[in-house]
Amino acid sequence: MRIARFAAALLASGAVATGVAGTAVAQAPSEQVLVFIADALVPVEKFQSPKGCQALPLGTHVVINDTGRAITLYASPDCSGLGVPLEAGHGAHEIPALGSFKA
């Protein structure tokens with residue numbers, strides 16, 4: 001009896017009929033690098049379609065790469081020295097210092 005009620009509930013919701021139960025919808029990247037400076041205190045900094053070396057704001061806390069391609073994070077403000085790749089769709093904590101990224 002429980003199985004029959006469960007099946008009826010699924011059919012009524014349309015999940016079985018449409019075949020979309022549990023399916024995530026993929027979204028295209030926004031072509032932005034988002035930078036959180038201080039939680040809830042400062043607006044998110046957005047780098048729209050960044051190209052080349054971009055200095056990060058002082059106090060950067062988290063960098064999110066939503067460009068659809070990898071970027072490289074640097075500890076220096078001029079993209080010099082050893083860089084760390086940040087894949088598309090990923091984020092990273094930054095040391096609040098004078099860093100940069102290259103797209």
# chains A, B, ... in the order shown; residues from 1 in each chain; ligands from 1
call {"tool": "residues_around", "arguments": {"residues": "A:Thr60", "least_positions_apart": "3", "cutoff": "8 Å", "atoms": "only C-alpha atoms", "output": "PyMOL selection string"}}
result
chain A and resi 35-38+56-57+63+94-97
call {"tool": "select_by_dssp", "arguments": {"residues": "stretch 27-80 of chain A", "states": "strand (DSSP E or B)", "output": "ChimeraX atom specification"}}
result
/A:32-36,45-48,53-55,62-66,71-74
call {"tool": "write_last_selection", "arguments": {"atoms": "C-alpha atoms", "output": "short mmCIF file (atom, residue, chain, number, x, y, z; two decimals), in the first residue's frame"}}
result
data_model
loop_
_atom_site.label_atom_id
_atom_site.label_comp_id
_atom_site.auth_asym_id
_atom_site.auth_seq_id
_atom_site.Cartn_x
_atom_site.Cartn_y
_atom_site.Cartn_z
CA GLN A 32 33.41 37.11 -14.02
CA VAL A 33 35.94 36.73 -11.27
CA LEU A 34 34.20 37.52 -7.99
CA VAL A 35 36.21 38.80 -5.02
CA PHE A 36 34.90 38.84 -1.45
CA GLU A 45 34.15 43.15 -6.34
CA LYS A 46 33.41 41.88 -9.87
CA PHE A 47 35.97 41.64 -12.65
CA GLN A 48 33.87 41.28 -15.82
CA CYS A 53 47.03 40.76 -14.95
CA GLN A 54 44.50 42.14 -12.45
CA ALA A 55 45.52 43.37 -8.99
CA VAL A 62 37.87 34.72 -1.27
CA VAL A 63 38.27 34.60 -5.07
CA ILE A 64 35.68 32.76 -7.20
CA ASN A 65 36.46 31.96 -10.83
CA ASP A 66 33.25 31.99 -12.91
CA ILE A 71 42.95 31.70 -14.04
CA THR A 72 46.22 31.93 -12.10
CA LEU A 73 46.51 33.46 -8.62
CA TYR A 74 49.68 35.26 -7.48
#
